[in-house]
Every structure is written in C-alpha cells, then in structure tokens.
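*Asks:* Supplied structure: work_29.cif, mmCIF, C-alpha atoms and all ligand atoms.
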```cif
data_target
loop_
_atom_site.label_atom_id
_atom_site.label_comp_id
_atom_site.auth_asym_id
_atom_site.auth_seq_id
_atom_site.Cartn_x
_atom_site.Cartn_y
_atom_site.Cartn_z
CA MET A 1 0.00 0.00 0.00
CA ASP A 2 2.89 2.38 0.72
CA ASP A 3 4.15 1.83 -2.81
CA LEU A 4 0.71 2.58 -4.26
CA LYS A 5 0.49 5.74 -2.17
CA GLN A 6 3.88 6.85 -3.45
CA ILE A 7 2.65 6.37 -7.03
CA GLU A 8 -0.64 8.18 -6.39
CA ASP A 9 1.15 11.03 -4.60
CA ALA A 10 3.65 11.56 -7.43
CA PRO A 11 4.51 15.27 -7.77
CA ARG A 12 3.01 17.20 -10.65
CA GLY A 13 5.06 16.83 -13.80
CA LEU A 14 6.13 13.32 -12.84
CA SER A 15 4.45 10.66 -14.94
CA ARG A 16 2.89 7.55 -13.40
CA ARG A 17 5.58 5.53 -15.17
CA ASP A 18 8.34 7.66 -13.61
CA ALA A 19 6.70 7.24 -10.22
CA ILE A 20 6.57 3.47 -10.60
CA LYS A 21 10.21 3.38 -11.67
CA GLY A 22 11.01 5.41 -8.56
CA VAL A 23 9.20 2.94 -6.34
CA ILE A 24 11.07 0.04 -7.94
CA ALA A 25 14.39 1.83 -7.47
CA ALA A 26 13.52 2.69 -3.87
CA GLY A 27 12.68 -0.93 -3.14
CA SER A 28 16.01 -1.95 -4.55
CA ALA A 29 17.90 0.64 -2.50
CA SER A 30 16.12 -0.33 0.72
CA GLY A 31 17.13 -3.95 0.34
CA ALA A 32 13.61 -5.26 -0.39
CA ALA A 33 13.66 -8.95 -1.24
CA TYR A 34 14.24 -9.26 -4.95
CA LEU A 35 14.60 -12.44 -6.95
CA LEU A 36 16.46 -12.63 -10.20
CA VAL A 37 14.20 -14.67 -12.45
CA THR A 38 14.37 -15.82 -16.04
CA LEU A 39 11.07 -15.82 -17.84
CA ASN A 40 10.10 -17.25 -21.20
CA VAL A 41 8.22 -14.38 -22.80
CA ASN A 42 7.23 -14.51 -26.45
CA GLY A 43 9.77 -17.26 -27.04
CA GLN A 44 12.66 -15.27 -25.57
CA GLN A 45 14.47 -15.78 -22.29
CA ARG A 46 14.08 -12.54 -20.34
CA ARG A 47 15.75 -11.82 -17.01
CA ALA A 48 14.38 -9.46 -14.41
CA ASP A 49 14.75 -8.63 -10.74
CA VAL A 50 11.30 -9.04 -9.24
CA MET A 51 9.82 -8.72 -5.80
CA LYS A 52 8.05 -11.75 -4.41
CA GLN A 53 4.73 -9.92 -4.42
CA GLU A 54 5.25 -8.44 -7.91
CA THR A 55 2.58 -9.15 -10.50
CA LEU A 56 3.31 -10.33 -13.99
CA ALA A 57 1.60 -7.24 -15.43
CA THR A 58 4.04 -5.00 -13.54
CA THR A 59 7.04 -7.01 -14.66
CA LEU A 60 5.94 -7.09 -18.28
CA ARG A 61 5.14 -3.40 -18.48
CA TYR A 62 7.70 -1.74 -16.26
CA LYS A 63 10.69 -4.08 -16.37
CA LEU A 64 10.48 -5.75 -19.76
CA GLY A 65 9.00 -2.80 -21.64
CA LEU A 66 6.04 -4.80 -22.97
CA THR A 67 3.46 -2.08 -22.59
CA GLY A 68 0.98 -3.66 -24.99
CA THR A 69 -0.37 -5.45 -21.92
CA LYS A 70 -2.68 -2.87 -20.38
CA LEU A 71 -3.60 -2.27 -16.76
CA GLY A 72 -7.22 -1.28 -16.31
CA CYS A 73 -8.56 -2.27 -12.90
CA ASP A 74 -5.47 -4.07 -11.54
CA ARG A 75 -7.79 -6.38 -9.59
CA SER A 76 -9.09 -9.17 -11.86
CA GLU A 77 -12.17 -7.44 -13.16
CA CYS A 78 -11.58 -6.04 -16.65
CA GLY A 79 -9.30 -8.39 -18.58
CA ALA A 80 -7.20 -5.58 -20.10
CA CYS A 81 -4.06 -7.30 -18.80
CA THR A 82 -4.82 -10.72 -20.31
CA VAL A 83 -1.83 -12.74 -21.50
CA LEU A 84 -1.42 -16.41 -22.32
CA ILE A 85 0.42 -18.61 -19.86
CA ASP A 86 1.08 -22.00 -21.39
CA ASP A 87 -1.60 -21.10 -23.97
CA VAL A 88 -4.28 -20.35 -21.36
CA PRO A 89 -5.57 -16.78 -20.88
CA HIS A 90 -4.80 -15.26 -17.48
CA TYR A 91 -5.20 -11.85 -15.90
CA SER A 92 -1.55 -10.87 -15.55
CA CYS A 93 -2.44 -8.33 -12.83
CA SER A 94 -3.32 -11.25 -10.61
CA VAL A 95 -0.44 -13.62 -11.31
CA LEU A 96 2.77 -13.36 -9.32
CA THR A 97 5.75 -13.18 -11.65
CA HIS A 98 7.90 -15.67 -9.78
CA THR A 99 5.21 -18.36 -10.23
CA VAL A 100 5.59 -18.43 -14.02
CA ARG A 101 9.32 -19.10 -14.19
CA ASP A 102 8.83 -22.53 -15.74
CA LYS A 103 5.99 -21.51 -18.05
CA LYS A 104 5.61 -19.88 -21.45
CA VAL A 105 4.18 -16.38 -21.42
CA GLN A 106 2.77 -14.82 -24.56
CA THR A 107 1.80 -11.17 -24.78
CA ILE A 108 0.28 -9.10 -27.55
CA GLU A 109 3.81 -8.27 -28.74
CA GLY A 110 4.32 -11.96 -29.48
CA LEU A 111 1.24 -12.51 -31.62
CA ALA A 112 2.48 -11.28 -34.99
CA SER A 113 5.02 -13.41 -36.84
CA ALA A 114 8.74 -12.58 -36.78
CA SER A 115 8.34 -11.02 -40.22
CA GLY A 116 5.72 -8.65 -38.85
CA LYS A 117 2.71 -10.35 -40.42
CA LEU A 118 -0.27 -9.89 -38.16
CA HIS A 119 -1.82 -12.87 -36.42
CA PRO A 120 -5.10 -13.82 -38.18
CA VAL A 121 -7.13 -12.61 -35.19
CA GLN A 122 -5.32 -9.25 -35.28
CA GLN A 123 -6.13 -9.12 -38.97
CA GLY A 124 -9.79 -9.63 -38.03
CA VAL A 125 -9.65 -6.33 -36.15
CA ILE A 126 -8.31 -4.58 -39.24
CA ASP A 127 -10.92 -6.24 -41.43
CA GLU A 128 -13.83 -5.20 -39.23
CA GLN A 129 -12.50 -2.01 -37.56
CA GLY A 130 -13.45 -3.61 -34.29
CA PHE A 131 -12.56 -1.15 -31.52
CA GLN A 132 -13.10 2.48 -30.56
CA CYS A 133 -10.29 3.66 -28.25
CA ALA A 134 -8.75 0.14 -28.26
CA PHE A 135 -7.49 0.27 -24.68
CA CYS A 136 -9.12 -3.13 -24.16
CA MET A 137 -7.93 -4.53 -27.48
CA SER A 138 -4.83 -6.46 -26.49
CA GLY A 139 -6.72 -8.17 -23.68
CA PHE A 140 -9.55 -9.17 -26.02
CA LEU A 141 -7.09 -10.44 -28.61
CA MET A 142 -5.20 -12.59 -26.13
CA ALA A 143 -8.43 -13.94 -24.62
CA THR A 144 -9.75 -14.78 -28.08
CA VAL A 145 -6.54 -16.42 -29.27
CA GLY A 146 -6.54 -18.52 -26.11
CA TYR A 147 -10.20 -19.46 -26.47
CA LEU A 148 -9.78 -20.45 -30.13
CA LYS A 149 -7.11 -22.95 -29.13
CA VAL A 150 -9.82 -25.02 -27.43
CA ASN A 151 -12.74 -24.13 -29.70
CA PRO A 152 -11.50 -23.06 -33.15
CA ASN A 153 -14.96 -22.90 -34.74
CA PRO A 154 -17.22 -21.24 -32.18
CA SER A 155 -20.70 -19.86 -32.69
CA ARG A 156 -21.05 -16.15 -31.97
CA ALA A 157 -22.70 -16.97 -28.65
CA GLU A 158 -19.95 -19.41 -27.70
CA LEU A 159 -17.22 -16.90 -28.44
CA ALA A 160 -19.10 -14.18 -26.55
CA HIS A 161 -19.23 -16.48 -23.55
CA GLY A 162 -15.61 -17.55 -24.01
CA ILE A 163 -14.29 -13.99 -23.81
CA SER A 164 -16.84 -12.68 -21.34
CA GLY A 165 -14.10 -12.06 -18.78
CA ASN A 166 -13.04 -9.01 -20.79
CA LEU A 167 -14.72 -5.65 -20.49
CA CYS A 168 -14.79 -2.69 -22.85
CA ARG A 169 -15.33 0.73 -21.35
CA CYS A 170 -16.46 2.04 -24.75
CA GLN A 171 -19.07 -0.74 -24.74
CA ASP A 172 -18.21 -1.63 -28.29
CA TYR A 173 -19.06 -5.28 -27.73
CA ASP A 174 -21.01 -6.02 -30.89
CA LYS A 175 -18.25 -4.75 -33.18
CA ILE A 176 -15.57 -6.41 -31.10
CA LEU A 177 -17.35 -9.73 -31.33
CA THR A 178 -17.74 -9.33 -35.09
CA ALA A 179 -14.00 -8.66 -35.36
CA MET A 180 -13.11 -11.64 -33.20
CA MET A 181 -15.43 -13.89 -35.26
CA ARG A 182 -13.69 -12.66 -38.40
CA GLY A 183 -10.38 -13.38 -36.72
CA ALA A 184 -11.51 -16.92 -35.95
CA GLU A 185 -12.47 -17.36 -39.60
CA ASN A 186 -9.08 -15.98 -40.71
CA LEU A 187 -7.34 -18.38 -38.37
CA ARG A 188 -9.24 -21.42 -39.68
CA LYS A 189 -8.23 -20.52 -43.23
CA VAL A 190 -4.53 -20.72 -42.40
CA SER A 191 -4.65 -23.64 -39.95
S1 LIG A 201 -6.07 -4.99 -15.15
FE1 LIG A 201 -6.07 -7.12 -14.81
S2 LIG A 201 -8.14 -7.70 -14.89
FE2 LIG A 201 -8.17 -5.52 -15.04
S1 LIG A 202 -12.69 0.14 -27.31
FE1 LIG A 202 -12.37 1.55 -25.67
S2 LIG A 202 -12.23 0.30 -23.90
FE2 LIG A 202 -12.76 -1.06 -25.48
#
```
I'd like the structure from this file rewritten - as structure tokens, please.
Ligand code: FES
Ligand code: FES

*Replies:*
Amino acid sequence: MDDLKQIEDAPRGLSRRDAIKGVIAAGSASGAAYLLVTLNVNGQQRRADVMKQETLATTLRYKLGLTGTKLGCDRSECGACTVLIDDVPHYSCSVLTHTVRDKKVQTIEGLASASGKLHPVQQGVIDEQGFQCAFCMSGFLMATVGYLKVNPNPSRAELAHGISGNLCRCQDYDKILTAMMRGAENLRKVS
C-alpha cells in the first residue's frame, strides 16, 4: 500500500511511469527482497529482478517494456491485462511473476510473426474495424486467441461467452465480437 500511495502522490510533472520506476528503485535501495528470475516471454528468455509480491503485469510493463499489456482495474475485473500462460488466458495483474518461471508467457507483442505479419485474429480487427479507443484490445485479442485454441470454430454466442471475462469501457461489444469472429475465420483458413 505504501508503494501505491507513493505512485498516487507523485509530484506534478512526474508521470505515473516515472513514479513506478522510482518505487522500484527505492525498493532496490532499501534492500527489499528481490529475486532474479528468467522468464520465457514470447519465445525469448528474459531476465528481471522481481519482488516476491510483484505481478506479472508489472514485470511485463515496467521491467520488460512490454506495454501492450494494459492495466485497467489491476484487480481481476476487466481483462485488459490478459496474457497467455502456457496457452491459457490469465489476468496478468493477478499472477505473481515468480510463479511463471517454468511456463511460457505470450503477450500481444508476441502474436504477430517474426516477419511482422499480423496474427489472423489481429487481422480480423483490421478487417472489421473492431474497436473504438482500443485500450481493451490487447486483452480481447489474447483472450480470443486462447479461447480459439480449445474451440476453433465457435458460434457467436460461444465466443461471446468464451471472452466474457473481458470488459470494454467504450461498450463496443457487438463490433468487437464481429471482429473476433472474423479473426476466428481468418485463423481457420490458415490452420
Ligand atoms: S487490469 Fe487485470 S483484470 Fe483488469
Ligand atoms: S474500445 Fe475503448 S475500452 Fe474497449
């Protein structure tokens, strides 16, 4: 809670990101218990010093620079932080980083191919112009990609249920679902 207060009380002119970096640095200077972990993220071995209570969302965003994973509620309600862990969607704001050391983490940055070609579900968003502000987009994409691994040919209702753990503050659900259905169709064509 002290750390959160420090972030909330950041002086004017200091960004939230700067404040978080300051908290991390302060923890390091004060001898807080850090673990050096190696994580498999998007097929790469990534090393980071993490606190025992540190969430995967924090590590991804503020230590590994993978800011495509968004933080909305930071308490398992919105799905903006969804990543795949061993191919299963998880809220990364509610997973402790040190618990995924022996697992494969995939974030939105790891969806496109190495050549830069978009994943078929990402292409579905382009095809259908599926989001308004798109803050929720990476979470929806990761949830959908994870769901399609177990049900590659869902009905619209099935997919809606499958990704119902993700919220959109713009309430653009119908268009999002259309885009995700198009993405599923794109994926079946190349599978
Ligand atoms: S930020 Fe993780 S569920 Fe909302
Ligand atoms: S499109 Fe704005 S939060 Fe979903």

*Asks:* Figure out the distance between CA of Glu77 (chain A) and CA of Val37 (chain A), please, to one decimal in Å.

*Replies:* 27.4 Å

*Asks:* Rank A:Cys136, A:Val121, A:Leu36, A:Ile108 by their smallest atom-to-atom distance to ligand LIG 202 (chain A), using only C-alpha atoms and all ligand atoms, and report the top residue only.

*Replies:*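 Comparing A:Cys136, A:Val121, A:Leu36, A:Ile108 against ligand LIG 202 (chain A), the winner is A:Cys136.
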
*Asks:* Can you work out which one of A:Val50, A:Cys81, A:Ala33, A:Cys168 has the shortest atom-to-atom distance to ligand LIG 201 (chain A), counting all atoms listed in the file?

*Replies:* A:Cys81

*Asks:* Pick from A:Gly139, A:Pro154, A:Gly65, A:Gly165: nearest to ligand LIG 202 (chain A), with all atoms listed in the file counted?

*Replies:*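 Between A:Gly139, A:Pro154, A:Gly65, A:Gly165, the residue approaching ligand LIG 202 (chain A) most closely is A:Gly139.
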
*Asks:* Just give me the gap between CA of Pro89 (chain A) and CA of Ser115 (chain A) in Å, one decimal is fine.

*Replies:*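 According to the coordinates, CA of Pro89 (chain A) and CA of Ser115 (chain A) are separated by 24.5 Å.
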
*Asks:* Between CA of Gly146 (chain A) and CA of Leu111 (chain A), measure the distance and give it in Å to one decimal.

*Replies:* 11.3 Å

*Asks:* Considering only C-alpha atoms, state which residue in the set A:Cys73, A:Ala80, A:Leu60, A:Ala184 is at the smallest distance from Asn153 (chain A).

*Replies:* A:Ala184

*Asks:* Which residues are near ligand LIG 202 (chain A) - at most 7 Å, using all atoms listed in the file? Format: as a list in words.

*Replies:*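 The residues near ligand LIG 202 (chain A) are Phe131, Gln132, Cys133, Ala134, Phe135, Cys136, Met137, Cys168, Arg169, Cys170, Gln171 and Asp172 of chain A.
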
*Asks:* Residues as selected, C-alpha atoms, written as a PDB file, in the frame of the given file, can you do that?

*Replies:*
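What follows is the written file result-v1.pdb:
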```pdb
ATOM      1  CA  PHE A 131     -12.560  -1.150 -31.520  1.00  0.00           C
ATOM      2  CA  GLN A 132     -13.100   2.480 -30.560  1.00  0.00           C
ATOM      3  CA  CYS A 133     -10.290   3.660 -28.250  1.00  0.00           C
ATOM      4  CA  ALA A 134      -8.750   0.140 -28.260  1.00  0.00           C
ATOM      5  CA  PHE A 135      -7.490   0.270 -24.680  1.00  0.00           C
ATOM      6  CA  CYS A 136      -9.120  -3.130 -24.160  1.00  0.00           C
ATOM      7  CA  MET A 137      -7.930  -4.530 -27.480  1.00  0.00           C
ATOM      8  CA  CYS A 168     -14.790  -2.690 -22.850  1.00  0.00           C
ATOM      9  CA  ARG A 169     -15.330   0.730 -21.350  1.00  0.00           C
ATOM     10  CA  CYS A 170     -16.460   2.040 -24.750  1.00  0.00           C
ATOM     11  CA  GLN A 171     -19.070  -0.740 -24.740  1.00  0.00           C
ATOM     12  CA  ASP A 172     -18.210  -1.630 -28.290  1.00  0.00           C
TER      13      ASP A 172
END
```

*Asks:* Using only C-alpha atoms and all ligand atoms, which residues of chain A come within 12 Å of ligand LIG 201 (chain A), and what is the closest atom pair for each, with the distance in Å to one decimal? Give it as a Markdown table, sorted by chain and residue number.

*Replies:*
```
| residue | atom | partner | partner_atom | distance |
| --- | --- | --- | --- | --- |
| A:Thr55 | CA | A:LIG201 | FE1 | 9.9 |
| A:Leu56 | CA | A:LIG201 | FE1 | 9.9 |
| A:Ala57 | CA | A:LIG201 | FE1 | 7.7 |
| A:Thr58 | CA | A:LIG201 | S1 | 10.2 |
| A:Arg61 | CA | A:LIG201 | S1 | 11.8 |
| A:Thr69 | CA | A:LIG201 | S1 | 8.9 |
| A:Lys70 | CA | A:LIG201 | S1 | 6.6 |
| A:Leu71 | CA | A:LIG201 | S1 | 4.0 |
| A:Gly72 | CA | A:LIG201 | S1 | 4.1 |
| A:Cys73 | CA | A:LIG201 | FE2 | 3.9 |
| A:Asp74 | CA | A:LIG201 | S1 | 3.8 |
| A:Arg75 | CA | A:LIG201 | S2 | 5.5 |
| A:Ser76 | CA | A:LIG201 | S2 | 3.5 |
| A:Glu77 | CA | A:LIG201 | S2 | 4.4 |
| A:Cys78 | CA | A:LIG201 | FE2 | 3.8 |
| A:Gly79 | CA | A:LIG201 | S2 | 3.9 |
| A:Ala80 | CA | A:LIG201 | S1 | 5.1 |
| A:Cys81 | CA | A:LIG201 | FE1 | 4.5 |
| A:Thr82 | CA | A:LIG201 | FE1 | 6.7 |
| A:Val83 | CA | A:LIG201 | FE1 | 9.7 |
| A:Pro89 | CA | A:LIG201 | S2 | 11.2 |
| A:His90 | CA | A:LIG201 | FE1 | 8.7 |
| A:Tyr91 | CA | A:LIG201 | FE1 | 4.9 |
| A:Ser92 | CA | A:LIG201 | FE1 | 5.9 |
| A:Cys93 | CA | A:LIG201 | FE1 | 4.3 |
| A:Ser94 | CA | A:LIG201 | FE1 | 6.5 |
| A:Val95 | CA | A:LIG201 | FE1 | 9.3 |
| A:Phe135 | CA | A:LIG201 | S1 | 11.0 |
| A:Cys136 | CA | A:LIG201 | FE2 | 9.5 |
| A:Ser138 | CA | A:LIG201 | S1 | 11.5 |
| A:Gly139 | CA | A:LIG201 | S2 | 8.9 |
| A:Phe140 | CA | A:LIG201 | S2 | 11.3 |
| A:Ala143 | CA | A:LIG201 | S2 | 11.6 |
| A:Ser164 | CA | A:LIG201 | S2 | 11.9 |
| A:Gly165 | CA | A:LIG201 | S2 | 8.3 |
| A:Asn166 | CA | A:LIG201 | S2 | 7.8 |
| A:Leu167 | CA | A:LIG201 | FE2 | 8.5 |
| A:Cys168 | CA | A:LIG201 | FE2 | 10.6 |
| A:Arg169 | CA | A:LIG201 | FE2 | 11.4 |
```

*Asks:* Choose the residue, out of A:Leu187, A:Leu39, A:Met51, A:Val150, that has the smallest atom-to-atom separation from Val105 (chain A); count only C-alpha atoms.

*Replies:*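 Among A:Leu187, A:Leu39, A:Met51, A:Val150, it is A:Leu39 that comes nearest to Val105 (chain A).
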
*Asks:* A:Asp174, A:Ser155, A:Gly116, A:Thr107: which is nearest Thr67 (chain A), counting all atoms listed in the file?

*Replies:*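 Among A:Asp174, A:Ser155, A:Gly116, A:Thr107, it is A:Thr107 that comes nearest to Thr67 (chain A).
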
*Asks:* Just want the 8 Å neighbourhood of Arg156 (chain A), counted on all atoms listed in the file, with same-chain residues fewer than 3 positions away dropped. Output as a PyMOL selection string.

*Replies:* chain A and resi 159-160+177+181

*Asks:* With only C-alpha atoms counted, which protein, DNA or RNA residues have an atom no more than 7 Å from (6.6, -13.3, -28.3) in the file frame? Please answer as a PyMOL selection string.

*Replies:* chain A and resi 41-44+106-107+109-111

*Asks:* Would you mind completing region 54-84 of chain A so that it carries N, CA and C atoms, and writing it out as an mmCIF file, in the coordinates of the input?

*Replies:*
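So part17.cif came out as:
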```cif
data_model
loop_
_atom_site.group_PDB
_atom_site.id
_atom_site.type_symbol
_atom_site.label_atom_id
_atom_site.label_comp_id
_atom_site.auth_asym_id
_atom_site.auth_seq_id
_atom_site.Cartn_x
_atom_site.Cartn_y
_atom_site.Cartn_z
ATOM 1 N N GLU A 54 5.412 -9.198 -6.651
ATOM 2 C CA GLU A 54 5.250 -8.440 -7.910
ATOM 3 C C GLU A 54 4.370 -9.213 -8.897
ATOM 4 N N THR A 55 3.457 -8.485 -9.534
ATOM 5 C CA THR A 55 2.580 -9.150 -10.500
ATOM 6 C C THR A 55 3.245 -9.202 -11.875
ATOM 7 N N LEU A 56 2.772 -10.163 -12.642
ATOM 8 C CA LEU A 56 3.310 -10.330 -13.990
ATOM 9 C C LEU A 56 3.050 -9.085 -14.836
ATOM 10 N N ALA A 57 1.901 -8.460 -14.652
ATOM 11 C CA ALA A 57 1.600 -7.240 -15.430
ATOM 12 C C ALA A 57 2.644 -6.163 -15.161
ATOM 13 N N THR A 58 3.026 -6.003 -13.901
ATOM 14 C CA THR A 58 4.040 -5.000 -13.540
ATOM 15 C C THR A 58 5.378 -5.356 -14.179
ATOM 16 N N THR A 59 5.760 -6.605 -14.085
ATOM 17 C CA THR A 59 7.040 -7.010 -14.660
ATOM 18 C C THR A 59 7.056 -6.790 -16.171
ATOM 19 N N LEU A 60 5.979 -7.218 -16.825
ATOM 20 C CA LEU A 60 5.940 -7.090 -18.280
ATOM 21 C C LEU A 60 6.025 -5.626 -18.698
ATOM 22 N N ARG A 61 5.229 -4.787 -18.047
ATOM 23 C CA ARG A 61 5.140 -3.400 -18.480
ATOM 24 C C ARG A 61 6.352 -2.569 -18.063
ATOM 25 N N TYR A 62 6.749 -2.703 -16.808
ATOM 26 C CA TYR A 62 7.700 -1.740 -16.260
ATOM 27 C C TYR A 62 9.131 -2.266 -16.197
ATOM 28 N N LYS A 63 9.320 -3.561 -16.385
ATOM 29 C CA LYS A 63 10.690 -4.080 -16.370
ATOM 30 C C LYS A 63 11.097 -4.641 -17.719
ATOM 31 N N LEU A 64 10.131 -5.180 -18.453
ATOM 32 C CA LEU A 64 10.480 -5.750 -19.760
ATOM 33 C C LEU A 64 10.042 -4.849 -20.908
ATOM 34 N N GLY A 65 9.367 -3.761 -20.603
ATOM 35 C CA GLY A 65 9.000 -2.800 -21.640
ATOM 36 C C GLY A 65 7.876 -3.260 -22.558
ATOM 37 N N LEU A 66 7.123 -4.266 -22.115
ATOM 38 C CA LEU A 66 6.040 -4.800 -22.970
ATOM 39 C C LEU A 66 4.726 -4.132 -22.577
ATOM 40 N N THR A 67 4.585 -2.900 -23.040
ATOM 41 C CA THR A 67 3.460 -2.080 -22.590
ATOM 42 C C THR A 67 2.182 -2.330 -23.374
ATOM 43 N N GLY A 68 2.225 -3.282 -24.304
ATOM 44 C CA GLY A 68 0.980 -3.660 -24.990
ATOM 45 C C GLY A 68 0.005 -4.310 -24.033
ATOM 46 N N THR A 69 0.503 -4.909 -22.975
ATOM 47 C CA THR A 69 -0.370 -5.450 -21.920
ATOM 48 C C THR A 69 -0.832 -4.272 -21.082
ATOM 49 N N LYS A 70 -2.142 -4.059 -21.050
ATOM 50 C CA LYS A 70 -2.680 -2.870 -20.380
ATOM 51 C C LYS A 70 -3.114 -3.187 -18.950
ATOM 52 N N LEU A 71 -3.072 -2.161 -18.122
ATOM 53 C CA LEU A 71 -3.600 -2.270 -16.760
ATOM 54 C C LEU A 71 -4.834 -1.403 -16.665
ATOM 55 N N GLY A 72 -5.971 -2.035 -16.471
ATOM 56 C CA GLY A 72 -7.220 -1.280 -16.310
ATOM 57 C C GLY A 72 -7.561 -1.185 -14.835
ATOM 58 N N CYS A 73 -8.118 -2.273 -14.297
ATOM 59 C CA CYS A 73 -8.560 -2.270 -12.900
ATOM 60 C C CYS A 73 -7.460 -2.676 -11.923
ATOM 61 N N ASP A 74 -6.530 -3.501 -12.382
ATOM 62 C CA ASP A 74 -5.470 -4.070 -11.540
ATOM 63 C C ASP A 74 -6.032 -4.937 -10.416
ATOM 64 N N ARG A 75 -7.233 -5.493 -10.632
ATOM 65 C CA ARG A 75 -7.790 -6.380 -9.590
ATOM 66 C C ARG A 75 -8.737 -7.428 -10.180
ATOM 67 N N SER A 76 -8.363 -8.007 -11.306
ATOM 68 C CA SER A 76 -9.090 -9.170 -11.860
ATOM 69 C C SER A 76 -10.522 -8.894 -12.268
ATOM 70 N N GLU A 77 -10.790 -7.708 -12.766
ATOM 71 C CA GLU A 77 -12.170 -7.440 -13.160
ATOM 72 C C GLU A 77 -12.346 -7.139 -14.638
ATOM 73 N N CYS A 78 -11.333 -6.572 -15.300
ATOM 74 C CA CYS A 78 -11.580 -6.040 -16.650
ATOM 75 C C CYS A 78 -10.972 -6.842 -17.787
ATOM 76 N N GLY A 79 -9.922 -7.580 -17.525
ATOM 77 C CA GLY A 79 -9.300 -8.390 -18.580
ATOM 78 C C GLY A 79 -8.324 -7.637 -19.468
ATOM 79 N N ALA A 80 -8.107 -6.341 -19.232
ATOM 80 C CA ALA A 80 -7.200 -5.580 -20.100
ATOM 81 C C ALA A 80 -5.781 -6.140 -20.075
ATOM 82 N N CYS A 81 -5.431 -6.806 -18.997
ATOM 83 C CA CYS A 81 -4.060 -7.300 -18.800
ATOM 84 C C CYS A 81 -3.887 -8.753 -19.245
ATOM 85 N N THR A 82 -4.855 -9.285 -19.979
ATOM 86 C CA THR A 82 -4.820 -10.720 -20.310
ATOM 87 C C THR A 82 -3.602 -11.093 -21.144
ATOM 88 N N VAL A 83 -2.922 -12.133 -20.716
ATOM 89 C CA VAL A 83 -1.830 -12.740 -21.500
ATOM 90 C C VAL A 83 -2.071 -14.246 -21.489
ATOM 91 N N LEU A 84 -1.344 -14.949 -22.340
ATOM 92 C CA LEU A 84 -1.420 -16.410 -22.320
ATOM 93 C C LEU A 84 -0.277 -16.954 -21.486
#
```
